[in-house]
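Q: Got entry-v3.txt for you, compact mmCIF, C-alpha atoms:
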# COMPACT_ATOMS: atom_id res chain seq x y z
CA MET A 1 63.93 31.69 -75.50
CA LYS A 2 61.07 34.09 -75.03
CA VAL A 3 59.90 34.46 -71.47
CA ASN A 4 56.46 35.76 -70.67
CA TYR A 5 56.23 37.43 -67.33
CA LEU A 6 52.91 37.43 -65.64
CA PRO A 7 51.61 40.87 -64.74
CA LYS A 8 51.92 41.82 -61.12
CA ASN A 9 48.93 41.26 -58.93
CA ARG A 10 46.66 44.21 -59.08
CA SER A 11 43.74 45.00 -56.91
CA ARG A 12 40.59 43.63 -58.50
CA ASN A 13 38.82 46.91 -57.96
CA PRO A 14 41.07 49.85 -58.83
CA ASN A 15 38.62 52.24 -57.20
CA SER A 16 38.82 50.67 -53.75
CA ARG A 17 41.94 52.72 -52.93
CA ARG A 18 40.18 55.90 -53.94
CA ILE A 19 37.14 54.99 -51.90
CA VAL A 20 39.35 54.45 -48.86
CA ILE A 21 40.93 57.89 -49.50
CA LEU A 22 37.48 59.50 -49.75
CA VAL A 23 36.29 57.90 -46.53
CA GLY A 24 39.55 58.96 -44.87
CA ILE A 25 39.05 62.57 -45.98
CA PHE A 26 35.45 62.41 -44.77
CA ILE A 27 36.42 61.19 -41.29
CA LEU A 28 39.37 63.60 -41.09
CA GLY A 29 37.10 66.50 -42.08
CA ALA A 30 34.47 65.53 -39.51
CA VAL A 31 37.13 65.46 -36.79
CA ALA A 32 38.98 68.61 -37.87
CA PHE A 33 36.14 70.98 -38.81
CA PRO A 34 34.61 71.33 -35.31
CA PHE A 35 37.94 72.81 -34.18
CA LEU A 36 38.31 75.02 -37.26
CA ASP A 37 34.76 76.35 -37.06
CA GLY A 38 35.59 79.55 -35.15
CA VAL A 39 38.68 80.24 -37.24
CA ILE A 40 36.73 79.87 -40.49
CA ILE A 41 33.94 82.16 -39.30
CA SER A 42 36.41 84.79 -38.07
CA ILE A 43 38.19 84.71 -41.45
CA VAL A 44 34.99 84.92 -43.47
CA SER A 45 33.12 87.49 -41.31
CA PRO A 46 35.10 90.51 -42.62
CA VAL A 47 34.46 89.29 -46.17
CA TRP A 48 30.72 89.15 -45.50
CA LYS A 49 30.80 92.60 -43.86
CA ALA A 50 32.58 94.01 -46.93
CA GLU A 51 30.10 92.25 -49.21
CA ASN A 52 27.15 93.75 -47.31
CA ALA A 53 28.68 97.23 -47.50
CA VAL A 54 29.50 96.90 -51.20
CA SER A 55 26.06 95.53 -52.10
CA ARG A 56 24.39 98.37 -50.17
CA SER A 57 26.48 101.06 -51.86
CA LEU A 58 26.00 99.43 -55.25
CA LYS A 59 22.27 99.42 -54.68
CA LYS A 60 22.36 103.11 -53.86
CA SER A 61 24.44 103.97 -56.92
CA PHE A 62 22.14 101.94 -59.17
CA ASP A 63 19.21 103.84 -57.71
CA LEU A 64 20.56 107.00 -59.32
CA PHE A 65 20.07 105.45 -62.73
CA GLY A 66 16.76 104.09 -63.93
CA SER A 67 13.98 105.95 -62.11
CA GLN A 68 11.52 103.17 -62.75
CA LYS A 69 13.71 100.65 -60.99
CA ALA A 70 14.22 103.10 -58.13
CA LEU A 71 10.49 103.46 -57.76
CA VAL A 72 10.03 99.70 -57.71
CA GLU A 73 12.70 99.33 -55.03
CA GLU A 74 11.26 102.21 -53.02
CA ASN A 75 7.93 100.50 -53.23
CA ALA A 76 9.51 97.27 -51.95
CA SER A 77 11.27 99.03 -49.08
CA LEU A 78 8.07 100.87 -48.13
CA ARG A 79 6.22 97.57 -48.12
CA GLU A 80 8.92 96.14 -45.88
CA LYS A 81 8.52 99.16 -43.61
CA ILE A 82 4.76 98.67 -43.52
CA LEU A 83 5.28 95.03 -42.54
CA SER A 84 7.70 96.10 -39.84
CA LEU A 85 5.28 98.72 -38.51
CA GLU A 86 2.44 96.22 -38.61
CA ALA A 87 4.58 93.81 -36.60
CA GLU A 88 5.34 96.56 -34.12
CA ALA A 89 1.69 97.56 -33.88
CA ALA A 90 0.73 93.93 -33.38
CA ALA A 91 3.32 93.63 -30.62
CA LEU A 92 1.91 96.70 -28.89
CA SER A 93 -1.70 95.69 -29.34
CA GLY A 94 -1.38 92.96 -26.73
CA GLY A 95 -1.23 95.55 -23.99
CA ARG A 96 2.55 95.38 -23.77
CA ALA A 97 2.75 98.88 -22.31
CA GLU A 98 0.27 97.96 -19.58
CA VAL A 99 2.18 94.80 -18.74
CA GLU A 100 5.44 96.73 -18.52
CA ALA A 101 3.87 99.32 -16.22
CA LEU A 102 2.52 96.54 -14.02
CA LEU A 103 5.90 94.79 -13.90
CA ARG A 104 7.60 98.07 -13.01
CA LEU A 105 5.18 98.43 -10.10
CA LEU A 106 6.02 94.90 -8.99
CA GLY A 107 9.74 95.58 -9.23
CA ARG A 108 10.37 93.20 -12.13
CA LYS A 109 12.47 94.46 -15.01
CA SER A 110 10.93 93.39 -18.31
CA ALA A 111 13.19 95.16 -20.79
CA PRO A 112 16.81 94.30 -20.06
CA SER A 113 19.61 95.96 -21.96
CA MET A 114 20.06 94.74 -25.50
CA VAL A 115 22.88 94.54 -27.98
CA ALA A 116 22.26 95.58 -31.57
CA ALA A 117 23.89 93.51 -34.30
CA ALA A 118 24.00 93.49 -38.07
CA VAL A 119 23.04 90.33 -39.90
CA LEU A 120 25.95 89.05 -42.02
CA THR A 121 24.26 86.10 -43.69
CA ARG A 122 20.64 85.10 -43.79
CA PRO A 123 18.46 82.60 -45.62
CA PRO A 124 18.50 81.77 -48.52
CA GLN A 125 22.30 81.98 -48.29
CA THR A 126 22.07 79.62 -45.32
CA PRO A 127 20.00 76.55 -46.01
CA TYR A 128 19.11 75.76 -42.40
CA ASP A 129 17.31 78.93 -41.14
CA VAL A 130 20.47 80.13 -39.45
CA ILE A 131 21.76 83.70 -39.46
CA VAL A 132 25.25 84.92 -38.67
CA ILE A 133 25.50 88.19 -36.75
CA ASP A 134 28.44 90.50 -36.19
CA ALA A 135 28.32 90.47 -32.38
CA GLY A 136 29.88 87.73 -30.31
CA ALA A 137 31.49 86.95 -26.99
CA ASN A 138 33.11 90.41 -27.02
CA GLU A 139 29.60 91.90 -26.59
CA SER A 140 28.88 89.64 -23.60
CA ILE A 141 26.47 87.51 -25.58
CA ALA A 142 26.04 83.91 -24.45
CA ILE A 143 24.78 80.73 -26.05
CA GLY A 144 21.02 80.72 -25.63
CA SER A 145 20.67 84.51 -25.68
CA LYS A 146 17.37 85.63 -27.15
CA VAL A 147 17.47 87.33 -30.53
CA SER A 148 14.65 89.63 -31.53
CA LEU A 149 13.76 92.10 -34.24
CA PRO A 150 13.99 95.83 -33.56
CA GLU A 151 10.16 95.84 -33.73
CA GLY A 152 9.84 93.32 -30.90
CA PRO A 153 9.12 89.82 -32.23
CA LEU A 154 11.51 87.06 -31.14
CA VAL A 155 13.23 85.25 -33.99
CA GLY A 156 15.66 82.79 -32.44
CA LEU A 157 18.41 81.89 -30.00
CA VAL A 158 22.18 82.18 -30.20
CA SER A 159 23.40 78.66 -30.97
CA GLU A 160 27.13 79.12 -31.54
CA LEU A 161 29.38 81.82 -30.22
CA PHE A 162 32.65 83.18 -31.55
CA ARG A 163 34.74 86.14 -30.47
CA GLU A 164 33.24 88.71 -32.83
CA SER A 165 30.34 86.87 -34.37
CA ALA A 166 27.65 84.37 -33.51
CA LYS A 167 25.26 81.99 -35.19
CA VAL A 168 21.59 82.31 -34.44
CA GLN A 169 19.22 79.42 -35.01
CA LEU A 170 15.83 80.78 -35.94
CA PHE A 171 12.77 79.26 -34.28
CA SER A 172 11.56 78.37 -37.76
CA ALA A 173 14.54 76.05 -38.42
CA ASP A 174 13.34 72.66 -39.55
CA GLY A 175 12.39 70.46 -36.60
CA GLN A 176 13.08 73.14 -33.98
CA GLU A 177 10.46 72.92 -31.23
CA THR A 178 9.50 76.00 -29.23
CA ASN A 179 7.08 76.22 -26.34
CA ALA A 180 4.62 79.02 -26.92
CA VAL A 181 1.14 80.26 -26.12
CA LEU A 182 -1.75 80.86 -28.48
CA GLU A 183 -2.86 84.36 -27.54
CA ARG A 184 -6.57 83.95 -28.31
CA ASN A 185 -7.28 81.54 -25.46
CA ASN A 186 -3.89 81.19 -23.71
CA VAL A 187 -3.50 77.61 -24.85
CA PRO A 188 0.07 76.30 -24.53
CA VAL A 189 1.32 75.01 -27.87
CA ILE A 190 4.50 73.56 -29.31
CA LEU A 191 5.60 75.43 -32.41
CA VAL A 192 7.55 73.19 -34.75
CA GLY A 193 9.73 74.93 -37.31
CA THR A 194 9.40 73.79 -40.90
CA GLY A 195 12.02 76.06 -42.47
CA GLY A 196 11.76 79.28 -44.46
CA GLY A 197 10.11 81.22 -41.63
CA ASN A 198 7.22 78.77 -41.34
CA PHE A 199 5.83 76.80 -38.41
CA ARG A 200 3.40 73.98 -37.77
CA MET A 201 1.48 73.10 -34.62
CA GLU A 202 -1.29 70.77 -33.57
CA LEU A 203 -4.26 71.85 -31.54
CA PRO A 204 -7.19 69.91 -30.11
CA ARG A 205 -10.16 69.94 -32.42
CA GLU A 206 -12.27 72.02 -30.03
CA THR A 207 -9.71 74.80 -29.60
CA ARG A 208 -10.83 77.90 -31.40
CA VAL A 209 -8.20 79.43 -33.66
CA GLU A 210 -8.47 81.80 -36.59
CA ARG A 211 -6.22 83.06 -39.32
CA GLY A 212 -4.22 86.03 -38.04
CA ASP A 213 -4.14 84.89 -34.41
CA ARG A 214 -0.84 85.54 -32.67
CA VAL A 215 1.41 82.94 -31.08
CA LEU A 216 3.46 84.36 -28.23
CA SER A 217 6.58 83.26 -26.41
CA LEU A 218 6.45 82.10 -22.82
CA GLY A 219 7.67 84.33 -20.02
CA LEU A 220 6.82 87.63 -18.46
CA ASP A 221 7.54 89.68 -21.54
CA SER A 222 5.64 87.54 -24.05
CA ARG A 223 6.75 88.38 -27.53
CA HIS A 224 5.23 87.74 -30.90
CA LEU A 225 6.62 84.51 -32.41
CA ALA A 226 4.30 83.65 -35.24
CA THR A 227 1.03 84.49 -36.91
CA VAL A 228 -1.52 81.80 -37.71
CA GLY A 229 -2.06 81.17 -41.41
CA GLU A 230 -3.74 78.07 -42.78
CA ILE A 231 -5.84 75.77 -40.58
CA SER A 232 -6.63 72.27 -41.78
CA LEU A 233 -9.08 69.93 -40.12
CA LYS A 234 -10.28 66.59 -41.42
CA PRO A 235 -13.64 65.30 -40.17
CA THR A 236 -12.02 62.15 -38.76
CA ASP A 237 -9.13 63.87 -36.95
CA SER A 238 -9.17 64.75 -33.29
CA PHE A 239 -6.46 67.37 -33.81
CA LYS A 240 -6.30 70.24 -36.25
CA GLU A 241 -3.10 71.17 -37.98
CA VAL A 242 -2.30 74.86 -37.89
CA LEU A 243 0.31 76.45 -40.10
CA ALA A 244 1.86 79.70 -38.95
CA LYS A 245 4.47 82.05 -40.31
CA SER A 246 7.08 84.33 -38.85
CA PRO A 247 5.86 87.93 -38.40
CA THR A 248 8.80 89.16 -40.46
CA ASN A 249 10.43 88.30 -43.74
CA ILE A 250 13.48 86.30 -42.62
CA PHE A 251 14.99 86.64 -46.09
CA ALA A 252 15.42 90.38 -45.57
CA LEU A 253 16.74 90.56 -42.01
CA ARG A 254 19.28 93.38 -41.60
CA PHE A 255 19.51 94.14 -37.90
CA VAL A 256 18.60 92.25 -34.74
CA PHE A 257 18.68 92.84 -31.01
CA ILE A 258 20.23 90.33 -28.66
CA THR A 259 19.31 90.07 -24.99
CA PRO A 260 22.52 88.91 -23.27
CA MET B 261 44.57 71.83 -63.96
CA SER B 262 43.60 75.47 -64.43
CA ARG B 263 39.99 74.43 -65.02
CA TYR B 264 40.14 72.50 -61.76
CA ILE B 265 41.39 75.58 -59.87
CA ILE B 266 38.90 77.93 -61.53
CA GLY B 267 36.10 75.48 -60.74
CA SER B 268 37.16 75.27 -57.10
CA VAL B 269 37.33 79.07 -56.80
CA LEU B 270 33.88 79.35 -58.39
CA ILE B 271 32.44 76.85 -55.92
CA LEU B 272 34.09 78.62 -52.98
CA THR B 273 32.81 82.02 -54.14
CA SER B 274 29.29 80.70 -54.58
CA ILE B 275 29.37 79.15 -51.09
CA LEU B 276 30.39 82.49 -49.59
CA PHE B 277 28.05 84.81 -51.44
CA LEU B 278 25.22 83.04 -53.25
CA PRO B 279 22.00 81.34 -52.08
CA TYR B 280 22.07 77.65 -51.30
CA TRP B 281 20.01 76.77 -54.35
CA VAL B 282 22.96 78.01 -56.41
CA TYR B 283 25.96 76.66 -54.49
CA VAL B 284 24.61 73.17 -53.77
CA PRO B 285 23.98 72.39 -57.49
CA VAL B 286 27.31 74.05 -58.39
CA LEU B 287 29.09 71.82 -55.86
CA PHE B 288 27.48 68.66 -57.23
CA ALA B 289 28.20 69.80 -60.80
CA GLY B 290 31.86 70.06 -59.77
CA ILE B 291 31.73 66.57 -58.27
CA VAL B 292 30.22 65.21 -61.49
CA PHE B 293 32.42 67.01 -64.00
CA PHE B 294 35.85 66.95 -62.36
CA PRO B 295 37.67 63.62 -62.03
CA PHE B 296 38.03 62.44 -58.42
CA PHE B 297 36.88 65.78 -56.94
CA TRP B 298 37.64 64.94 -53.30
CA GLU B 299 37.53 68.67 -52.56
CA GLY B 300 33.76 68.28 -52.82
CA ILE B 301 33.78 66.69 -49.36
CA PHE B 302 35.88 69.58 -48.05
CA PHE B 303 33.45 72.12 -49.55
CA SER B 304 30.44 70.32 -48.08
CA PHE B 305 32.10 70.49 -44.64
CA LEU B 306 32.77 74.17 -45.25
CA ILE B 307 29.09 74.77 -46.05
CA THR B 308 28.07 73.03 -42.82
CA ALA B 309 30.66 74.99 -40.82
CA LEU B 310 29.66 78.35 -42.30
CA HIS B 311 25.92 78.05 -42.64
CA GLY B 312 24.86 75.17 -40.40
CA THR B 313 24.51 74.67 -36.68
CA GLY B 314 25.86 71.98 -34.43
CA THR B 315 29.27 71.39 -35.94
CA GLY B 316 30.20 68.54 -33.61
CA VAL B 317 31.96 65.45 -34.96
CA LEU B 318 28.78 63.40 -34.87
CA SER B 319 26.60 66.05 -36.50
CA LEU B 320 29.18 66.50 -39.26
CA LEU B 321 29.37 62.74 -39.80
CA THR B 322 25.59 62.60 -40.15
CA SER B 323 25.17 65.85 -42.07
CA PRO B 324 23.01 65.08 -45.13
CA LEU B 325 25.08 67.32 -47.40
CA THR B 326 28.48 65.84 -46.54
CA LEU B 327 27.11 62.31 -46.68
CA ALA B 328 25.51 63.02 -50.05
CA ALA B 329 28.81 64.42 -51.38
CA LEU B 330 30.68 61.30 -50.20
CA VAL B 331 28.11 58.88 -51.60
CA VAL B 332 27.91 60.67 -54.98
CA LEU B 333 31.71 60.69 -55.24
CA MET B 334 31.86 56.97 -54.44
CA ILE B 335 29.08 56.09 -56.88
CA LEU B 336 30.63 58.15 -59.65
CA LEU B 337 34.08 56.54 -59.38
CA PRO B 338 33.26 53.27 -61.23
CA ILE B 339 30.83 55.04 -63.59
CA LYS B 340 33.51 57.52 -64.70
CA GLU B 341 36.04 54.68 -65.02
CA ASN B 342 33.70 52.72 -67.29
CA LEU B 343 32.89 55.78 -69.37
CA ARG B 344 36.60 56.41 -69.92
CA ASN B 345 37.22 52.76 -70.88
CA HIS B 346 34.51 52.78 -73.50
CA VAL B 347 35.28 56.08 -75.17
Is it possible to give me this structure as structure tokens?
A:
Amino acid sequence: MKVNYLPKNRSRNPNSRRIVILVGIFILGAVAFPFLDGVIISIVSPVWKAENAVSRSLKKSFDLFGSQKALVEENASLREKILSLEAEAAALSGGRAEVEALLRLLGRKSAPSMVAAAVLTRPPQTPYDVIVIDAGANESIAIGSKVSLPEGPLVGLVSELFRESAKVQLFSADGQETNAVLERNNVPVILVGTGGGNFRMELPRETRVERGDRVLSLGLDSRHLATVGEISLKPTDSFKEVLAKSPTNIFALRFVFITP
Amino acid sequence: MSRYIIGSVLILTSILFLPYWVYVPVLFAGIVFFPFFWEGIFFSFLITALHGTGTGVLSLLTSPLTLAALVVLMILLPIKENLRNHV
């Protein structure tokens, strides 16, 4: 006699097991990665350093060939230098030297010692306006230390610290709010980062602001944070929206100074 | 299997050295093309750990990239199954 066996009970949805596995991996990863963060960065930092060195030397060796390309790159680097000098000139134009002399007379130190660091990764490699630098806790840097450009402008704060490296969140990171002052009329403003080195702020309709105005950081040694770009004002609005941009090209950052 | 390993190495290399507009599409291409690519979640966590800030448990659980990787993987499971059944 032929016997037909019924198939064993199977799960109605064969993918449910896989979905449970995926969710498990997701939760496990979320729990494990905060502890592995420092280890991962310390493993990858030497790779990034080597990559930076190799890309720089490759650039130099390619410069030997193709004079036209070399000229184009020289042009680009000179433009970058001009931008940097302009930023420096803008920083000095606010009477920084006078302020420092005055502070010295009052016994306040305005230029504390700084630590120089090379930038290992920068946007667009990082999608969140974060840079990784090659100085960390071993250089007596702390979370919240100010990070500035060699020319003076402030760019961000140290957000995560490892032994030999650190992550810096730029002020222009999306949603990052920074208290600042509009230099033209000393109006306090809140700069809101919108990513890619850009900012947005709202000002009362009556406040006078023009393209090219500087936005400075708070504190004794006010530093350049952003430069006003577009200004939009609708006839019905009581506030005007001001767009500003970082005084430097954050996509080409190479060195920064950290104030421990 | 070798394609799987080569793909994973490519994704890892792009995460380490290339801009985000390259490695994010490459990661999702891996998730779409490889069957049950659970490593996609691992790579999205790696991206957040390397290039993001605030790598606490909560911020990782709510990270848009990791959530997107998980959701895409879960959505693709039945779609891939149906595609295989009808070929």
Q: Tell me which protein, DNA and RNA residues are within 6 Å of A:Ser217, counting only C-alpha atoms, leaving out same-chain ones fewer than 3 positions away, and put them as a PyMOL selection string.
A: chain A and resi 180+222-223
Q: Would you list the contacts of B:Pro279 as a compact mmCIF listing (two decimals) with C-alpha atoms, in the coordinates of the input, taking every protein, DNA or RNA residue within 9 Å and counting all atoms listed in the file, but skipping same-chain residues closer than 4 positions in sequence?
A:
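Output saved as out-v4.txt:
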# COMPACT_ATOMS: atom_id res chain seq x y z
CA PRO A 123 18.46 82.60 -45.62
CA PRO A 124 18.50 81.77 -48.52
CA GLN A 125 22.30 81.98 -48.29
CA THR A 126 22.07 79.62 -45.32
CA PRO A 127 20.00 76.55 -46.01
CA SER B 274 29.29 80.70 -54.58
CA ILE B 275 29.37 79.15 -51.09
CA TYR B 283 25.96 76.66 -54.49
CA VAL B 284 24.61 73.17 -53.77
Q: Determine, using all atoms listed in the file, which residues of chain B have any atom at most 7 Å from an atom of chain A, and tabulate each with its shortest atom pair and distance in Å to one decimal place, rows ordered by chain and then rising number, as CSV.
A:
residue,atom,partner,partner_atom,distance
B:Leu278,CA,A:Gln125,CA,5.9
B:Pro279,CA,A:Gln125,CA,3.9
B:Tyr280,CA,A:Gln125,CA,5.3
B:Trp298,CA,A:Leu22,CA,6.5
B:Ile301,CA,A:Phe26,CA,6.5
B:Phe302,CA,A:Gly29,CA,6.8
B:Phe305,CA,A:Gly29,CA,6.9
B:Ala309,CA,A:Asp37,CA,5.7
B:Leu310,CA,A:Ile41,CA,6.5
B:His311,CA,A:Thr126,CA,4.9
B:Gly312,CA,A:Tyr128,CA,6.1
B:Thr315,CA,A:Pro34,CA,5.4
B:Gly316,CA,A:Pro34,CA,5.5
B:Val317,CA,A:Ala30,CA,5.2
B:Leu320,CA,A:Ala30,CA,5.4
B:Leu321,CA,A:Ala30,CA,5.8
B:Met334,CA,A:Ile19,CA,6.2
B:Leu337,CA,A:Asn15,CA,6.6
B:Pro338,CA,A:Asn15,CA,6.8
Q: By how many Å are atom CA of A:Phe255 and atom CA of A:Thr178 apart?
A: 22.5 Å
Q: Quick one: residues within 9 Å of A:Glu139, all atoms listed in the file counted, chain neighbours fewer than 5 positions away excluded, as a PyMOL selection string?
A: chain A and resi 115+163-164+260
Q: Distance cut-off 8 Å, centre (34.8, 62.8, -57.9) in file coordinates, counting all atoms listed in the file: which residues qualify? Return them as a PDB file with C-alpha atoms, in the frame of the given file.
A:
ATOM      1  CA  ILE B 291      31.730  66.570 -58.270  1.00  0.00           C
ATOM      2  CA  VAL B 292      30.220  65.210 -61.490  1.00  0.00           C
ATOM      3  CA  PHE B 293      32.420  67.010 -64.000  1.00  0.00           C
ATOM      4  CA  PHE B 294      35.850  66.950 -62.360  1.00  0.00           C
ATOM      5  CA  PRO B 295      37.670  63.620 -62.030  1.00  0.00           C
ATOM      6  CA  PHE B 296      38.030  62.440 -58.420  1.00  0.00           C
ATOM      7  CA  PHE B 297      36.880  65.780 -56.940  1.00  0.00           C
ATOM      8  CA  TRP B 298      37.640  64.940 -53.300  1.00  0.00           C
ATOM      9  CA  GLY B 300      33.760  68.280 -52.820  1.00  0.00           C
ATOM     10  CA  VAL B 332      27.910  60.670 -54.980  1.00  0.00           C
ATOM     11  CA  LEU B 333      31.710  60.690 -55.240  1.00  0.00           C
ATOM     12  CA  MET B 334      31.860  56.970 -54.440  1.00  0.00           C
ATOM     13  CA  LEU B 336      30.630  58.150 -59.650  1.00  0.00           C
ATOM     14  CA  LEU B 337      34.080  56.540 -59.380  1.00  0.00           C
TER      15      LEU B 337
END
Q: Counting all atoms listed in the file, which residue out of A:Lys245, A:Ser165, A:Ile258, A:Gly24 sits closest to A:Val147?
A: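 Comparing A:Lys245, A:Ser165, A:Ile258, A:Gly24 against A:Val147, the winner is A:Ile258.
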Q: Rounded to one decimal in Å, what is the spacing between atom CA of A:Asn186 and atom CA of A:Ser246?
A: 19.0 Å
Q: Nearest residue to A:Met114 out of A:Arg211, A:Arg205, A:Lys146, A:His224, using all atoms listed in the file?
A: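 Among the listed residues, A:Lys146 lies closest to A:Met114.
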Q: Could you tell me how far atom CA of A:Asn179 sits from atom CA of A:Asn198, in Å to one decimal place?
A: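 Going from atom CA of A:Asn198 over to atom CA of A:Asn179, I get 15.2 Å.
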Q: Go through A:Leu157, A:Leu78, A:Leu105, A:Leu170 one by one, measure the shortest atom-to-atom distance of each to A:Thr259 using only C-alpha atoms, and give the residue with the smallest value.
A: A:Leu157
